[in-house]
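Peer 1: Pasting a structure below so you can have a look.
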Number of protein chains: 2
Amino acid sequence: MSTLDEAGTPLANAIRFLSIDAILRAGEGHQGVPLGMAEIATALFTRHLKFNPADPQWPDRDRFVLSNGHGSMLLYSLLYLTGYARIDLDQIKTFRQFGSHCMGHPEYDPASGIEVTTGPLGQGIANAFGMAVAEAYLNARFGSGIVDHYTYAFVGDGCLQEGIGQEMISLAGHLRLGKLILCWDDNRITDDGSTELSISEDVRERFRVAGWHVIDVDGHDIDAVSAALELARKDPRPSMLACRTVIGRGIARLQGQRGGHSGKLFDADAEAARELLDWPHGPFHVPDEILSAWRRAGRRSADSYHAWQARVAALPADERAEFERIQAGRLPDGWRDVLEDYRRRAAENTEAQQGIMVSAEINDLFATTLPERMVGCADLEAPTSHKRRLHAFTAADRSGAYVHCGVREHVMGAMANGMAAHGGVIATCVTYLAFSDYERPAMRMAALMGLPVNFVFSHDSIGLGRNGPTHQPVEILASLRAMPNMHVMRPADAVEAAECWEIALERKDGPSTMVFARQALPPVRCVHVAENLSRRGAYVLAEGVGSARQVTLLATGSEVAIALEARARLEAEGVATAVVSMPCWEIFDEQDADYRAAVLGPGTVRVAVEAAVRFGWDRYLGERGGFVGMTGFGASGPAEVLFEHFGITAGHVVEEARRHLLKGIEQELKEEA
Amino acid sequence: MSTLDEAGTPLANAIRFLSIDAILRAGEGHQGVPLGMAEIATALFTRHLKFNPADPQWPDRDRFVLSNGHGSMLLYSLLYLTGYARIDLDQIKTFRQFGSHCMGHPEYDPASGIEVTTGPLGQGIANAFGMAVAEAYLNARFGSGIVDHYTYAFVGDGCLQEGIGQEMISLAGHLRLGKLILCWDDNRITDDGSTELSISEDVRERFRVAGWHVIDVDGHDIDAVSAALELARKDPRPSMLACRTVIGRGIARLQGQRGGHSGKLFDADAEAARELLDWPHGPFHVPDEILSAWRRAGRRSADSYHAWQARVAALPADERAEFERIQAGRLPDGWRDVLEDYRRRAAENTEAQQGIMVSAEINDLFATTLPERMVGCADLEAPTSHKRRLHAFTAADRSGAYVHCGVREHVMGAMANGMAAHGGVIATCVTYLAFSDYERPAMRMAALMGLPVNFVFSHDSIGLGRNGPTHQPVEILASLRAMPNMHVMRPADAVEAAECWEIALERKDGPSTMVFARQALPPVRCVHVAENLSRRGAYVLAEGVGSARQVTLLATGSEVAIALEARARLEAEGVATAVVSMPCWEIFDEQDADYRAAVLGPGTVRVAVEAAVRFGWDRYLGERGGFVGMTGFGASGPAEVLFEHFGITAGHVVEEARRHLLKGIEQELKEEA
């Protein structure tokens, strides 16, 4: 290792001092990464990374992910130094201030050069893995002239301790993603102190066991790192550079120690560092010569960029149009017709169908119409059936659109995020709803970044039956509906499923959670209409007849049929009752007040029925509202027995409606008296 | 490997046919594990496991966890065969029927011999890890005469692919838990088919890298498995028996194949198996000779059991009382006084205190009063400070009560569940609230099992400031409140924190989530009262004065102080306003209707304020209710700027109250007109 009293290179030190100055000004921040990885970053950005700050979203750029996102000043420094217009010196100076582009953690903004939001550990390397999968798939589809780039990620000990990191290591090794290259900041320090407090294993060996190419390198030696990157790029395996570094290198008081991570910096630290590293320049000042060198690095890929543009321009017209279409995330002409045709046929069907198998059928339709779709699944191919017309993406065959993720839900979700952030691919992932909890931290990141990922789930309630409460979601619909920017859709039958899929595929500014039943659902939409009724989130499926509506029954998914049965009984008793199907609350909540009121029926008794907990429903029920659903966890038994046992039946819906009607009458009498 | 046409042993075949018959009768189930692991189970239960079916909860029994819980018939067969009274043949015959003890997946019931609920993959081995930690800690405390047992877990490929499983491997190896022994069902099949679809790494090597002792063994050779278990028990490292097996062994049509996992069985399969394995006995019939052999195995540990009882009886009286106390989960005399004393002092304090540091102070108090508490933390020792008066539990020192879990939240939560299920330990784990999502699948299991784990979180809102939206929970309170049987507590100051800790420690039938702010909170409870006001979940902190209450402000945690400020302004305007602090919704919801009404103030305008999304609040707000809080994700910036930016201020609470008062007046005028 190069000794600490060496001056280091001016280019790396430019990163160091921008970071020190910004953190000092902010009064807080994490200096450990930018100071410890400055040489690694310099090697990558000045000699290897294919990128163009003038066109940050060049589709064939190498992707760079700072998985240890707390070290965000490293990224901001690099973006400024290499010349990304949106990260200028003023932004750097406002690091961690409200409204700054230089936020505490990097936040997804590809136009600024920020490929993904990172911070929650392990997400970034799993996103990088997803980017590498997308690249390999698109490379197989469009050829190396059009798609051929690396994905680099910087990673600390935390990301590798997290289960999601371990899942990624295992799966990326299995898939032999040779263009995925990690630089591990092996500084032997985490927030608690020495890594020896919580880990003894040889991390290098752990990667090797999983089939990775591992190179040991002095992380402060730019030439050595550069040589290692060269080796990494040539190896057919994914590569991990184990870069031995000193955390917080340059701050003599803290470097190599626990405090190097994010211990508070003082003016004296910065002064001492300037002395130590021979950096006589003032705060936020990068001498022209050094800045010019960095800017030259930022123009390094200009030839590649223009050559690539020429190759794209030279593509046959249809191929070029197709490439541009998927890059823009535009769906192909006629895609809606496929779904409308499906809806038309579904409306004629009178047989009950397993909820998830309806989604599988729709997925089959997309196999040819939307070749940009990739589907990952967590070892539930048979019970979810979203593979059928796809073939597997493997180490040997990159043309497959179906990724067998193994029993690894978390990396699956983050992979999908990485695919979506990469572009050119529409990402879907599939598992059981109970296991969405395993995937949830990635789903949250999709919502936060506004990535259009389709999170598909089967086995959505006690209706899955005898596998019991571990597998029966009761609180999970509520927990996902609570998440900002997440659309949660629970279609009632095949027609609604096609409508929801249409909405999910249209969505560009956030993820959709699509929830399907395991059990067979009777059709509830038996008349074809051109309009996608689910597009308003909720709608009157059946209006009260005869007199003015007295009761409004609200339901989703498998319980819509129960509500219809309850309505039939109430109508038979002369109670005018409407059924409202609510496939997506979030969309309904965005409708205008008049529409919402018309659907919910002001002044009517409202009873919701859903095989889940009441939590969240009150917003629609009002003070005269009733609820039929779950009050706790489920049980092991046949689905029909469970629905009966937990009282999720038309009979109970009728009783609940009657009870509230009666309460209303009593109330009126009391008020009159 | 023993060849498939060998008969196998009658003892193992008793497991096989009970399982086949039960699954056949149920019409579904997972035969792969009970048929594939029958010999392994026979070796363990007839030659090694220390247990007593007549006293299933013998504190020093070996623990056995079926982490691949879908293979539940293996466990039920073993419990019946060895003589656990509550799992009799009638229960076996009702496998997977509603109300049966033999549920689809094993559900926590230690009195029946079911140590933990398993099914969601990876949880079981992580629970087993927690049990092994608890054993080592108690062994250090009480000596090998009193606590000295092994923890065995059966595990399939799925558990090991899951991130939580990988976290467990890494941490258990680091901690050298020599009495933790896994038997891996290496059948090379998962639900999707060959494991080659999703994994290439050498699983044995992965364990070895992490410091485990790995033994390869033919999983169908009872003697070989037994010899390997013998070796495993002697090794100071945790051991993994890589048991090569044939999935579904005995069902000729399916064994060794994908369908062996849970492919539907038919009568002809059972008949063919009877032929193949030379088992001429009828359904559910275990010949006396074989049953007797199993029952003898169930009495194998009788001598150990009695010797252990004698050793406990011979303990010095105080030591014995202490051991019995912690086993019973009774808290020591005077523990409440410690908290009340803290509360008294806290009520006199007028300075703002960081929320999490208050919890840290209370944690310090317990260091001596509750030595049975163990605390795990996910690499956030400094910012959460729950170590201070504890020392680390390490490979070399088992007397430490603080487990450095590394950046591994998921295994931390499941470890705590395992500790709680083990008994003798009160488990707490600590991280940031944003990372509760990583831990959530384990939290759900705690809620489902009803385990009294304390899940402690810091950094509970935008109040954490500049680390930005990745670290700022906005939806997480709601998502946890949606979970059945989970108490979510968000104390407003030190007094409430002590009250909430008292309630959490008292709770025996489920977990508590305790949520603390990073930022300093001004005291809101400045007068000491003997009563624990939080015990009712919510209470009137300040009543409206002058006239009848017109406005009720509802708040939790850091927003209680904001509500108090808003109340002062409203009262100054002559609006009688109460502030209700709601540290725990779930407890409040259990109070009688009169109390709830009195707190919520029927007919008053209600405005809730919480630095989180509104989701779930409507149940308390009624149709005239307002809300001041978050509508989406947070942002990076100083806490005070963020509260202002997102409008979570006393001023906005006042405005919201005024707006609703006005609406009410307008409504009345309209009704009068």
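Chain labels A, B, ... are given in the sequence in which chains occur in the structure tokens; within each chain residues are numbered consecutively from 1, and ligands are likewise numbered from 1 in the order shown.
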Let's see if you can do this: from backbone DSSP, list all helix (DSSP H, G or I) residues in region 418-615 of chain B, as a PyMOL selection string.
Peer 2: chain B and resi 418-422+433-449+462-464+476-481+494-506+533-536+559-572+585-589+593-600
Peer 1: Can you pull out the residues contacting Glu590 (chain B)? Cut-off 12 Å, using only C-alpha atoms, and skip same-chain residues under 3 positions away; I want them as a PyMOL selection string.
Peer 2: chain B and resi 485+487+535-538+584-587+593-596
Peer 1: Those selected residues, please, written with N, CA, C and O atoms and delivered as a PDB file, in the first residue's frame.
Peer 2:
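Done, and the output landed in selection_38.pdb:
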ATOM      1  N   ASN B 485     -51.476  -7.784  16.183  1.00  0.00           N
ATOM      2  CA  ASN B 485     -50.737  -8.186  17.394  1.00  0.00           C
ATOM      3  C   ASN B 485     -49.403  -7.472  17.591  1.00  0.00           C
ATOM      4  O   ASN B 485     -48.589  -7.903  18.397  1.00  0.00           O
ATOM      5  N   HIS B 487     -47.756  -4.080  18.930  1.00  0.00           N
ATOM      6  CA  HIS B 487     -47.932  -2.783  19.585  1.00  0.00           C
ATOM      7  C   HIS B 487     -46.904  -1.814  19.020  1.00  0.00           C
ATOM      8  O   HIS B 487     -45.713  -2.117  19.034  1.00  0.00           O
ATOM      9  N   ARG B 535     -50.629   3.583  29.706  1.00  0.00           N
ATOM     10  CA  ARG B 535     -51.219   2.253  29.816  1.00  0.00           C
ATOM     11  C   ARG B 535     -52.592   2.161  29.149  1.00  0.00           C
ATOM     12  O   ARG B 535     -53.095   1.084  28.905  1.00  0.00           O
ATOM     13  N   ARG B 536     -53.224   3.286  28.889  1.00  0.00           N
ATOM     14  CA  ARG B 536     -54.496   3.250  28.180  1.00  0.00           C
ATOM     15  C   ARG B 536     -54.324   3.587  26.706  1.00  0.00           C
ATOM     16  O   ARG B 536     -55.292   3.795  25.995  1.00  0.00           O
ATOM     17  N   GLY B 537     -53.075   3.657  26.263  1.00  0.00           N
ATOM     18  CA  GLY B 537     -52.816   3.830  24.829  1.00  0.00           C
ATOM     19  C   GLY B 537     -52.862   5.279  24.378  1.00  0.00           C
ATOM     20  O   GLY B 537     -52.049   5.718  23.584  1.00  0.00           O
ATOM     21  N   ALA B 538     -53.866   6.004  24.875  1.00  0.00           N
ATOM     22  CA  ALA B 538     -53.994   7.438  24.581  1.00  0.00           C
ATOM     23  C   ALA B 538     -54.687   8.065  25.775  1.00  0.00           C
ATOM     24  O   ALA B 538     -55.457   7.406  26.472  1.00  0.00           O
ATOM     25  N   CYS B 584     -49.801   4.698  21.897  1.00  0.00           N
ATOM     26  CA  CYS B 584     -50.016   3.341  21.360  1.00  0.00           C
ATOM     27  C   CYS B 584     -51.464   3.143  20.940  1.00  0.00           C
ATOM     28  O   CYS B 584     -52.342   2.940  21.784  1.00  0.00           O
ATOM     29  N   TRP B 585     -51.733   3.169  19.645  1.00  0.00           N
ATOM     30  CA  TRP B 585     -53.087   3.008  19.133  1.00  0.00           C
ATOM     31  C   TRP B 585     -53.706   1.672  19.536  1.00  0.00           C
ATOM     32  O   TRP B 585     -54.884   1.602  19.868  1.00  0.00           O
ATOM     33  N   GLU B 586     -52.895   0.637  19.446  1.00  0.00           N
ATOM     34  CA  GLU B 586     -53.446  -0.714  19.631  1.00  0.00           C
ATOM     35  C   GLU B 586     -54.013  -0.871  21.041  1.00  0.00           C
ATOM     36  O   GLU B 586     -55.051  -1.504  21.236  1.00  0.00           O
ATOM     37  N   ILE B 587     -53.316  -0.282  22.016  1.00  0.00           N
ATOM     38  CA  ILE B 587     -53.814  -0.381  23.389  1.00  0.00           C
ATOM     39  C   ILE B 587     -55.045   0.502  23.561  1.00  0.00           C
ATOM     40  O   ILE B 587     -56.027   0.112  24.192  1.00  0.00           O
ATOM     41  N   ALA B 593     -65.572   1.684  25.319  1.00  0.00           N
ATOM     42  CA  ALA B 593     -66.100   2.731  24.434  1.00  0.00           C
ATOM     43  C   ALA B 593     -66.208   4.075  25.149  1.00  0.00           C
ATOM     44  O   ALA B 593     -65.931   5.125  24.558  1.00  0.00           O
ATOM     45  N   ASP B 594     -66.589   4.060  26.414  1.00  0.00           N
ATOM     46  CA  ASP B 594     -66.747   5.322  27.144  1.00  0.00           C
ATOM     47  C   ASP B 594     -65.414   6.053  27.259  1.00  0.00           C
ATOM     48  O   ASP B 594     -65.335   7.266  27.061  1.00  0.00           O
ATOM     49  N   TYR B 595     -64.386   5.281  27.613  1.00  0.00           N
ATOM     50  CA  TYR B 595     -63.065   5.918  27.734  1.00  0.00           C
ATOM     51  C   TYR B 595     -62.632   6.492  26.403  1.00  0.00           C
ATOM     52  O   TYR B 595     -62.175   7.637  26.311  1.00  0.00           O
ATOM     53  N   ARG B 596     -62.793   5.695  25.369  1.00  0.00           N
ATOM     54  CA  ARG B 596     -62.355   6.164  24.051  1.00  0.00           C
ATOM     55  C   ARG B 596     -63.098   7.442  23.654  1.00  0.00           C
ATOM     56  O   ARG B 596     -62.506   8.397  23.151  1.00  0.00           O
TER      57      ARG B 596
END
Peer 1: Could you state the separation of CA of Gln327 (chain A) and CA of His386 (chain A) in Å, given to one decimal place?
Peer 2: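 Computing the Euclidean distance for CA of Gln327 (chain A) and CA of His386 (chain A) yields 24.0 Å.
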Peer 1: List the neighbours of Ala272 (chain A) out to 10 Å using only C-alpha atoms; skip same-chain residues closer than 5 positions along the sequence, and give me the result as an NGL selection string.
Peer 2: :A and (250-253 or 267 or 277-279)
Peer 1: With all heavy atoms retained, export the selected residues as a tab-separated table (two decimals), in the first residue's frame.
Peer 2:
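This is the output file part33.tsv:
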chain	number	residue	atom	x	y	z
A	250	GLY	N	-6.50	11.17	4.79
A	250	GLY	CA	-6.16	12.58	4.62
A	250	GLY	C	-6.51	13.40	5.85
A	250	GLY	O	-5.93	14.46	6.08
A	251	ILE	N	-7.46	12.92	6.63
A	251	ILE	CA	-7.77	13.58	7.90
A	251	ILE	C	-6.98	12.83	8.98
A	251	ILE	O	-7.41	11.77	9.47
A	251	ILE	CB	-9.28	13.50	8.22
A	251	ILE	CG1	-10.11	14.14	7.10
A	251	ILE	CG2	-9.57	14.16	9.58
A	251	ILE	CD1	-9.94	15.64	6.95
A	252	ALA	N	-5.82	13.39	9.31
A	252	ALA	CA	-4.87	12.65	10.15
A	252	ALA	C	-5.49	12.21	11.48
A	252	ALA	O	-5.21	11.13	11.99
A	252	ALA	CB	-3.62	13.51	10.40
A	253	ARG	N	-6.34	13.05	12.02
A	253	ARG	CA	-6.90	12.79	13.34
A	253	ARG	C	-7.84	11.58	13.33
A	253	ARG	O	-8.06	10.92	14.35
A	253	ARG	CB	-7.67	14.03	13.79
A	253	ARG	CG	-8.23	13.98	15.20
A	253	ARG	CD	-8.86	15.32	15.58
A	253	ARG	NE	-9.95	15.72	14.69
A	253	ARG	CZ	-11.22	15.35	14.85
A	253	ARG	NH1	-11.56	14.59	15.86
A	253	ARG	NH2	-12.15	15.77	14.02
A	267	ASP	N	-12.34	22.91	11.27
A	267	ASP	CA	-11.44	23.68	10.40
A	267	ASP	C	-10.00	23.17	10.50
A	267	ASP	O	-9.30	23.05	9.49
A	267	ASP	CB	-11.47	25.17	10.77
A	267	ASP	CG	-12.79	25.81	10.34
A	267	ASP	OD1	-13.45	25.26	9.43
A	267	ASP	OD2	-13.16	26.85	10.92
A	277	LEU	N	-1.45	16.76	2.56
A	277	LEU	CA	-1.60	16.31	1.17
A	277	LEU	C	-1.10	17.36	0.17
A	277	LEU	O	-1.33	17.22	-1.02
A	277	LEU	CB	-3.05	15.95	0.89
A	277	LEU	CG	-3.63	14.82	1.76
A	277	LEU	CD1	-5.10	14.59	1.42
A	277	LEU	CD2	-2.84	13.52	1.55
A	278	ASP	N	-0.45	18.37	0.72
A	278	ASP	CA	0.15	19.38	-0.15
A	278	ASP	C	-0.90	19.99	-1.08
A	278	ASP	O	-0.75	19.98	-2.31
A	278	ASP	CB	1.29	18.72	-0.95
A	278	ASP	CG	2.13	19.78	-1.67
A	278	ASP	OD1	2.12	20.95	-1.22
A	278	ASP	OD2	2.79	19.41	-2.66
A	279	TRP	N	-1.95	20.48	-0.49
A	279	TRP	CA	-3.06	21.07	-1.24
A	279	TRP	C	-3.24	22.51	-0.73
A	279	TRP	O	-4.02	22.76	0.19
A	279	TRP	CB	-4.33	20.26	-1.02
A	279	TRP	CG	-5.51	20.69	-1.86
A	279	TRP	CD1	-6.49	21.57	-1.50
A	279	TRP	CD2	-5.84	20.28	-3.18
A	279	TRP	NE1	-7.41	21.71	-2.50
A	279	TRP	CE2	-7.03	20.94	-3.56
A	279	TRP	CE3	-5.23	19.42	-4.11
A	279	TRP	CZ2	-7.63	20.75	-4.81
A	279	TRP	CZ3	-5.83	19.23	-5.33
A	279	TRP	CH2	-7.03	19.90	-5.68
Peer 1: Just how far from CA of His70 (chain B) is CA of Asn454 (chain A), in Å to one decimal?
Peer 2: 28.0 Å
Peer 1: Give me the residues within 12 Å of Ala597 (chain A) as a list of chain:residue names, counting only C-alpha atoms and dropping any in the same chain fewer than 2 places off.
Peer 2: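 The filter keeps A:Ala538, A:Tyr539, A:Val540, A:Thr552, A:Val580, A:Phe588, A:Asp589, A:Gln591, A:Asp592, A:Ala593, A:Asp594, A:Tyr595, A:Val599, A:Leu600, A:Gly601, A:Pro602, A:Gly603, A:Thr604, A:Tyr620, A:Leu621, A:Gly622.
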Peer 1: Counting only C-alpha atoms, what is within 9 Å of Gly193 (chain B), bar same-chain residues fewer than 4 positions away, as an MDAnalysis selection string?
Peer 2: (chainID A and resid 379) or (chainID B and resid 188:189 197 257:259)
Peer 1: Find the spatial neighbours of Pro53 (chain A), counting only C-alpha atoms, within a cut-off of 9 Å - ignore same-chain residues fewer than 4 positions away - and output them as a list in words.
Peer 2: Gln57, Leu79, Thr82, Gly83, Tyr84, Ala85, Ser112, Gly113, Gly298 and Arg299 of chain A
Peer 1: Name the closest residue to Trp294 (chain B) among the candidates B:Leu448, B:Met630, B:Leu11, B:Ala401; distances are taken between atoms, counting only C-alpha atoms.
Peer 2: B:Leu11
Peer 1: Considering only C-alpha atoms, can you say which of A:Val579, A:Ala136, A:Ala378, A:Cys243 comes closest to chain B?
Peer 2: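 Ranked by minimum distance to chain B, first place goes to A:Ala378.
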Peer 1: Of the residues B:Arg63, B:Arg440, B:His528, B:His652, which is the one nearest to Asn127 (chain B), using only C-alpha atoms?
Peer 2: B:Arg63
Peer 1: Hey, what does DSSP flag as strand (DSSP E or B) within region 121-170 of chain A? Can you give it to me as a count of residues only?
Peer 2: 5
Peer 1: What is the distance, in Å and to one decimal place, between CA of Val338 (chain A) and CA of Leu533 (chain A)?
Peer 2: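 CA of Leu533 (chain A) lies at a distance of 16.9 Å from CA of Val338 (chain A).
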Peer 1: Here is a test: counting only C-alpha atoms, which residue of A:Thr117, A:Thr513, A:Ser636, A:Ser72 is nearest to Arg96 (chain A)?
Peer 2: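 Among the listed residues, A:Ser72 lies closest to Arg96 (chain A).
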Peer 1: Which residue gives the smallest distance to Pro287 (chain B) among B:Thr245, B:Thr151, B:Asn13, B:Ser581, with only C-alpha atoms counted?
Peer 2: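 Using only C-alpha atoms, Pro287 (chain B) sits closest to B:Asn13.
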Peer 1: I need the residue nearest Gly124 (chain A) from this list: A:Val358, A:Leu24, A:Leu464, A:Met415. Use only C-alpha atoms for the distance.
Peer 2: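 Looking at the shortest contact to Gly124 (chain A), the residue is A:Met415.
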